[in-house]
file input.tsv (TSV, C-alpha atoms)
chain	number	residue	atom	x	y	z
A	14	MET	CA	81.53	121.71	75.37
A	15	THR	CA	80.66	121.83	71.73
A	16	GLY	CA	77.30	122.41	70.14
A	17	LYS	CA	74.53	124.87	70.77
A	18	ARG	CA	73.51	125.52	74.39
A	19	ILE	CA	70.09	124.04	75.21
A	20	HIS	CA	68.25	124.89	78.44
A	21	VAL	CA	66.54	121.86	80.03
A	22	ARG	CA	63.69	122.38	82.49
A	23	SER	CA	61.45	119.81	84.08
A	24	THR	CA	58.56	120.30	86.43
A	25	LYS	CA	56.34	118.02	88.44
A	26	TYR	CA	52.76	117.42	87.31
A	27	ASP	CA	51.51	120.29	89.51
A	28	GLY	CA	53.97	122.71	87.85
A	29	SER	CA	56.45	122.88	90.72
A	30	PRO	CA	60.15	122.98	89.73
A	31	HIS	CA	62.06	119.71	89.45
A	32	TRP	CA	65.35	120.02	87.45
A	33	GLU	CA	66.91	122.86	85.49
A	34	PHE	CA	70.26	122.99	83.71
A	35	ASP	CA	72.06	123.92	80.52
A	36	SER	CA	73.10	121.19	78.14
A	37	TRP	CA	74.78	121.12	74.72
A	38	LEU	CA	73.23	119.89	71.48
A	39	VAL	CA	74.82	116.73	70.10
A	40	ARG	CA	72.23	115.82	67.45
A	41	GLU	CA	68.62	116.15	66.43
A	42	GLU	CA	67.01	113.32	64.45
A	43	GLY	CA	63.26	113.53	63.94
A	44	PRO	CA	61.62	113.21	67.37
A	45	LEU	CA	64.98	112.52	69.11
A	46	LEU	CA	67.13	115.25	70.62
A	47	VAL	CA	70.48	114.30	72.18
A	48	THR	CA	72.34	116.72	74.44
A	49	SER	CA	75.43	116.37	76.60
A	50	ASN	CA	76.68	117.48	79.99
A	51	HIS	CA	80.09	117.13	81.58
A	52	ALA	CA	81.17	115.80	84.95
A	53	GLY	CA	81.42	118.53	87.55
A	54	GLN	CA	78.71	120.65	85.97
A	55	GLU	CA	76.27	122.26	88.38
A	56	LEU	CA	72.62	121.35	87.91
A	57	LYS	CA	69.71	122.81	89.86
A	58	ASN	CA	66.94	120.75	91.39
A	59	TRP	CA	64.13	121.41	93.83
A	60	LYS	CA	66.54	120.88	96.73
A	61	GLY	CA	69.21	123.28	95.44
A	62	SER	CA	72.37	122.77	93.40
A	63	TRP	CA	74.00	119.45	92.58
A	64	ARG	CA	77.21	118.68	90.71
A	65	THR	CA	76.97	115.74	88.36
A	66	PRO	CA	79.77	113.20	88.76
A	67	TRP	CA	79.26	111.88	85.19
A	68	ASP	CA	79.58	112.91	81.60
A	69	THR	CA	76.10	112.36	80.18
A	70	LEU	CA	74.32	111.94	76.89
A	71	ASN	CA	70.70	112.93	77.41
A	72	HIS	CA	68.11	111.42	75.05
A	73	PHE	CA	64.82	113.33	74.82
A	74	TRP	CA	61.95	112.34	72.53
A	75	SER	CA	58.94	114.38	71.48
A	76	ASP	CA	56.95	111.19	70.89
A	77	ARG	CA	57.91	109.03	73.90
A	78	TRP	CA	56.92	109.23	77.55
A	79	TYR	CA	60.47	108.98	78.90
A	80	ASN	CA	64.02	110.22	78.58
A	81	VAL	CA	67.29	108.34	78.98
A	82	MET	CA	70.54	109.66	80.42
A	83	LEU	CA	73.61	107.62	79.46
A	84	LEU	CA	76.11	108.10	82.29
A	85	GLU	CA	79.83	107.80	81.59
A	86	LYS	CA	82.71	107.97	84.03
A	87	PRO	CA	84.74	111.16	83.47
A	88	ASN	CA	87.68	111.19	81.05
A	89	ARG	CA	86.27	108.33	78.95
A	90	LYS	CA	86.86	105.79	81.72
A	91	GLY	CA	83.84	103.69	80.78
A	92	LEU	CA	80.11	103.32	81.09
A	93	GLU	CA	78.57	103.94	84.52
A	94	GLY	CA	75.03	103.06	83.41
A	95	PHE	CA	71.76	104.79	82.59
A	96	TYR	CA	69.17	106.79	84.45
A	97	CYS	CA	65.74	106.81	82.85
A	98	ASN	CA	62.91	109.14	83.78
A	99	VAL	CA	59.26	108.46	82.94
A	100	THR	CA	58.00	111.85	81.73
A	101	THR	CA	55.64	113.53	79.35
A	102	PRO	CA	57.04	113.79	75.80
A	103	ALA	CA	59.71	116.49	75.57
A	104	GLU	CA	58.87	119.83	74.00
A	105	TYR	CA	61.80	121.40	72.14
A	106	ASP	CA	61.53	124.91	70.70
A	107	GLY	CA	65.06	125.25	69.31
A	108	THR	CA	66.54	126.72	72.50
A	109	SER	CA	64.99	124.79	75.38
A	110	VAL	CA	63.60	121.39	76.32
A	111	ARG	CA	60.66	121.09	78.70
A	112	TYR	CA	58.89	118.07	80.14
A	113	VAL	CA	56.92	116.93	83.17
A	114	ASP	CA	58.57	114.34	85.40
A	115	LEU	CA	56.10	111.59	86.40
A	116	ASP	CA	58.20	110.17	89.24
A	117	LEU	CA	58.83	106.62	87.98
A	118	ASP	CA	62.49	105.96	87.19
A	119	LEU	CA	64.61	103.09	85.94
A	120	ARG	CA	68.30	102.69	86.74
A	121	VAL	CA	70.33	100.40	84.50
A	122	SER	CA	73.86	99.41	85.52
A	123	ALA	CA	76.74	99.05	83.06
A	124	GLN	CA	76.24	95.29	83.44
A	125	GLY	CA	72.56	95.57	82.47
A	126	LYS	CA	71.03	95.17	85.95
A	127	LEU	CA	67.62	96.88	86.06
A	128	GLU	CA	66.17	98.64	89.09
A	129	VAL	CA	62.77	100.36	89.10
A	130	LEU	CA	62.82	103.40	91.40
A	131	ASP	CA	60.25	105.67	93.03
A	132	GLU	CA	57.17	103.49	92.60
A	133	ASP	CA	55.88	104.81	95.93
A	134	GLU	CA	56.42	108.41	94.86
A	135	PHE	CA	54.53	107.72	91.62
A	136	LEU	CA	51.57	106.23	93.51
A	137	ASP	CA	51.51	109.08	96.05
A	138	ASN	CA	51.84	111.87	93.49
A	139	SER	CA	49.37	110.33	91.05
A	140	LYS	CA	46.74	110.68	93.80
A	141	ARG	CA	47.96	113.95	95.33
A	142	MET	CA	48.46	115.74	92.00
A	143	GLY	CA	45.55	114.08	90.20
A	144	TYR	CA	47.26	112.25	87.33
A	145	SER	CA	44.59	111.37	84.79
A	146	PRO	CA	44.01	107.67	83.97
A	147	ASP	CA	45.53	108.38	80.53
A	148	VAL	CA	48.73	109.79	82.08
A	149	ILE	CA	48.99	106.81	84.45
A	150	GLU	CA	48.60	104.40	81.53
A	151	HIS	CA	51.24	106.23	79.47
A	152	ALA	CA	53.62	106.18	82.46
A	153	ARG	CA	53.19	102.44	83.02
A	154	ASN	CA	53.61	101.69	79.30
A	155	ALA	CA	56.73	103.89	79.18
A	156	LEU	CA	58.32	102.01	82.07
A	157	ASP	CA	57.51	98.69	80.38
A	158	GLU	CA	59.10	99.93	77.13
A	159	LEU	CA	62.23	101.11	78.94
A	160	VAL	CA	62.60	97.74	80.69
A	161	ARG	CA	62.16	95.92	77.37
A	162	LEU	CA	64.67	98.13	75.53
A	163	ALA	CA	67.27	97.89	78.30
A	164	ALA	CA	66.90	94.10	78.64
A	165	ALA	CA	67.33	93.73	74.87
A	166	ALA	CA	70.20	96.28	74.70
A	167	GLU	CA	68.30	98.28	72.07
A	168	GLY	CA	68.06	101.99	71.33
A	169	PRO	CA	70.23	104.07	73.65
A	170	PHE	CA	71.00	100.88	75.59
A	171	ALA	CA	72.75	99.28	72.58
A	172	VAL	CA	76.11	100.06	74.21
A	173	LEU	CA	75.27	97.37	76.80
A	174	ALA	CA	75.75	94.75	74.08
A	175	ARG	CA	79.29	96.08	73.55
A	176	ALA	CA	80.20	96.79	77.18
A	177	PRO	CA	82.53	94.31	78.86
A	178	SER	CA	80.67	92.14	81.35
A	179	GLU	CA	81.56	92.20	84.99
A	180	SER	CA	83.49	89.16	86.13
A	181	PRO	CA	81.95	87.07	88.92
call {"tool": "encode", "arguments": {"input": "input.tsv", "output": "structure tokens"}}
result
Amino acid sequence: MTGKRIHVRSTKYDGSPHWEFDSWLVREEGPLLVTSNHAGQELKNWKGSWRTPWDTLNHFWSDRWYNVMLLEKPNRKGLEGFYCNVTTPAEYDGTSVRYVDLDLDLRVSAQGKLEVLDEDEFLDNSKRMGYSPDVIEHARNALDELVRLAAAAEGPFAVLARAPSESP
């Protein structure tokens, strides 16, 4: 991997651990930080260790309530899709990225198919962990923005406009 090592750590709203891993700086542009990971790398989550099957470009923003992971098949074999997490804005201090995962997720296939995930977890945790009305509103707006960007192939989803479509 090239670039500076960046430690990524997410928690749940109650402060419990969620994900933790090292990533490598690709670029920093204003509020956007892009890092990368490679297929086979071990990541830690609340259940234990997990090896990612994809090369990823991770997009974190300090002014948006989500992050976007562009997933590529190993060895430049093509786009797998995207995994988007609704989160608090990322905090980057030059060596680490931190954010709170708010449970709602969006999966986007390489063909642009959208699938909202974990709605039930969001509803349960918003009550159990006491998400404020402001946090709930930000989370809903973030999911709406992700759906709009993905459907329009804008922002990190712009590669969808260039990706070959799946034949019927």
call {"tool": "closest_residue", "arguments": {"input": "input.tsv", "among": "A:Val81, A:Gln54, A:Val121, A:Leu156", "to": "A:Asp68", "atoms": "all atoms listed in the file"}}
result
A:Gln54
call {"tool": "residues_around", "arguments": {"input": "input.tsv", "residues": "stretch 87-96 of chain A", "least_positions_apart": "6", "cutoff": "9 Å", "atoms": "only C-alpha atoms", "output": "ChimeraX atom specification"}}
result
/A:51-52,66-68,80-81,118-125,170,172-173,176
call {"tool": "closest_atom_pairs", "arguments": {"input": "input.tsv", "of": "stretch 14-103 of chain A", "to": "stretch 108-117 of chain A", "cutoff": "12 Å", "atoms": "all atoms listed in the file", "output": "JSON lines"}}
result
{"residue": "A:Gly16", "atom": "CA", "partner": "A:Thr108", "partner_atom": "CA", "distance": 11.8}
{"residue": "A:Lys17", "atom": "CA", "partner": "A:Thr108", "partner_atom": "CA", "distance": 8.4}
{"residue": "A:Arg18", "atom": "CA", "partner": "A:Thr108", "partner_atom": "CA", "distance": 7.3}
{"residue": "A:Ile19", "atom": "CA", "partner": "A:Ser109", "partner_atom": "CA", "distance": 5.2}
{"residue": "A:His20", "atom": "CA", "partner": "A:Ser109", "partner_atom": "CA", "distance": 4.5}
{"residue": "A:Val21", "atom": "CA", "partner": "A:Val110", "partner_atom": "CA", "distance": 4.8}
{"residue": "A:Arg22", "atom": "CA", "partner": "A:Arg111", "partner_atom": "CA", "distance": 5.0}
{"residue": "A:Ser23", "atom": "CA", "partner": "A:Tyr112", "partner_atom": "CA", "distance": 5.0}
{"residue": "A:Thr24", "atom": "CA", "partner": "A:Val113", "partner_atom": "CA", "distance": 5.0}
{"residue": "A:Lys25", "atom": "CA", "partner": "A:Asp114", "partner_atom": "CA", "distance": 5.3}
{"residue": "A:Tyr26", "atom": "CA", "partner": "A:Val113", "partner_atom": "CA", "distance": 5.9}
{"residue": "A:Asp27", "atom": "CA", "partner": "A:Val113", "partner_atom": "CA", "distance": 9.0}
{"residue": "A:Gly28", "atom": "CA", "partner": "A:Val113", "partner_atom": "CA", "distance": 8.0}
{"residue": "A:Ser29", "atom": "CA", "partner": "A:Val113", "partner_atom": "CA", "distance": 9.6}
{"residue": "A:Pro30", "atom": "CA", "partner": "A:Val113", "partner_atom": "CA", "distance": 9.5}
{"residue": "A:His31", "atom": "CA", "partner": "A:Asp114", "partner_atom": "CA", "distance": 7.6}
{"residue": "A:Trp32", "atom": "CA", "partner": "A:Asp114", "partner_atom": "CA", "distance": 9.1}
{"residue": "A:Glu33", "atom": "CA", "partner": "A:Arg111", "partner_atom": "CA", "distance": 9.4}
{"residue": "A:Phe34", "atom": "CA", "partner": "A:Ser109", "partner_atom": "CA", "distance": 10.0}
{"residue": "A:Asp35", "atom": "CA", "partner": "A:Ser109", "partner_atom": "CA", "distance": 8.8}
{"residue": "A:Ser36", "atom": "CA", "partner": "A:Ser109", "partner_atom": "CA", "distance": 9.3}
{"residue": "A:Trp37", "atom": "CA", "partner": "A:Thr108", "partner_atom": "CA", "distance": 10.2}
{"residue": "A:Leu38", "atom": "CA", "partner": "A:Thr108", "partner_atom": "CA", "distance": 9.6}
{"residue": "A:Leu45", "atom": "CA", "partner": "A:Val110", "partner_atom": "CA", "distance": 11.5}
{"residue": "A:Leu46", "atom": "CA", "partner": "A:Val110", "partner_atom": "CA", "distance": 9.1}
{"residue": "A:Val47", "atom": "CA", "partner": "A:Val110", "partner_atom": "CA", "distance": 10.7}
{"residue": "A:Thr48", "atom": "CA", "partner": "A:Val110", "partner_atom": "CA", "distance": 10.1}
{"residue": "A:Asn71", "atom": "CA", "partner": "A:Val110", "partner_atom": "CA", "distance": 11.1}
{"residue": "A:His72", "atom": "CA", "partner": "A:Val110", "partner_atom": "CA", "distance": 11.0}
{"residue": "A:Phe73", "atom": "CA", "partner": "A:Val110", "partner_atom": "CA", "distance": 8.3}
{"residue": "A:Trp74", "atom": "CA", "partner": "A:Val110", "partner_atom": "CA", "distance": 9.9}
{"residue": "A:Ser75", "atom": "CA", "partner": "A:Tyr112", "partner_atom": "CA", "distance": 9.4}
{"residue": "A:Asp76", "atom": "CA", "partner": "A:Tyr112", "partner_atom": "CA", "distance": 11.7}
{"residue": "A:Arg77", "atom": "CA", "partner": "A:Tyr112", "partner_atom": "CA", "distance": 11.0}
{"residue": "A:Trp78", "atom": "CA", "partner": "A:Leu115", "partner_atom": "CA", "distance": 9.2}
{"residue": "A:Tyr79", "atom": "CA", "partner": "A:Asp114", "partner_atom": "CA", "distance": 8.6}
{"residue": "A:Asn80", "atom": "CA", "partner": "A:Tyr112", "partner_atom": "CA", "distance": 9.5}
{"residue": "A:Tyr96", "atom": "CA", "partner": "A:Leu117", "partner_atom": "CA", "distance": 10.9}
{"residue": "A:Cys97", "atom": "CA", "partner": "A:Leu117", "partner_atom": "CA", "distance": 8.6}
{"residue": "A:Asn98", "atom": "CA", "partner": "A:Leu117", "partner_atom": "CA", "distance": 6.4}
{"residue": "A:Val99", "atom": "CA", "partner": "A:Leu117", "partner_atom": "CA", "distance": 5.4}
{"residue": "A:Thr100", "atom": "CA", "partner": "A:Asp114", "partner_atom": "CA", "distance": 4.5}
{"residue": "A:Thr101", "atom": "CA", "partner": "A:Val113", "partner_atom": "CA", "distance": 5.3}
{"residue": "A:Pro102", "atom": "CA", "partner": "A:Tyr112", "partner_atom": "CA", "distance": 6.4}
{"residue": "A:Ala103", "atom": "CA", "partner": "A:Tyr112", "partner_atom": "CA", "distance": 4.9}
call {"tool": "atom_distance", "arguments": {"input": "input.tsv", "atom1": "atom CA of A:Glu167", "atom2": "atom CA of A:Leu127"}}
result
14.1 Å
call {"tool": "atom_distance", "arguments": {"input": "input.tsv", "atom1": "atom CA of A:Lys57", "atom2": "atom CA of A:Asn154"}}
result
28.6 Å
call {"tool": "atom_distance", "arguments": {"input": "input.tsv", "atom1": "atom CA of A:Thr65", "atom2": "atom CA of A:Ala164"}}
result
25.8 Å
call {"tool": "closest_residue", "arguments": {"input": "input.tsv", "among": "A:Gly61, A:Gly107, A:Pro146, A:Pro169", "to": "A:Glu41", "atoms": "only C-alpha atoms"}}
result
A:Gly107
call {"tool": "residues_around", "arguments": {"input": "input.tsv", "residues": "A:Leu136", "least_positions_apart": "3", "cutoff": "12 Å", "atoms": "all atoms listed in the file", "output": "JSON, numbers by chain"}}
result
{"A": [115, 116, 117, 130, 131, 132, 133, 139, 140, 141, 142, 143, 144, 149, 152, 153]}
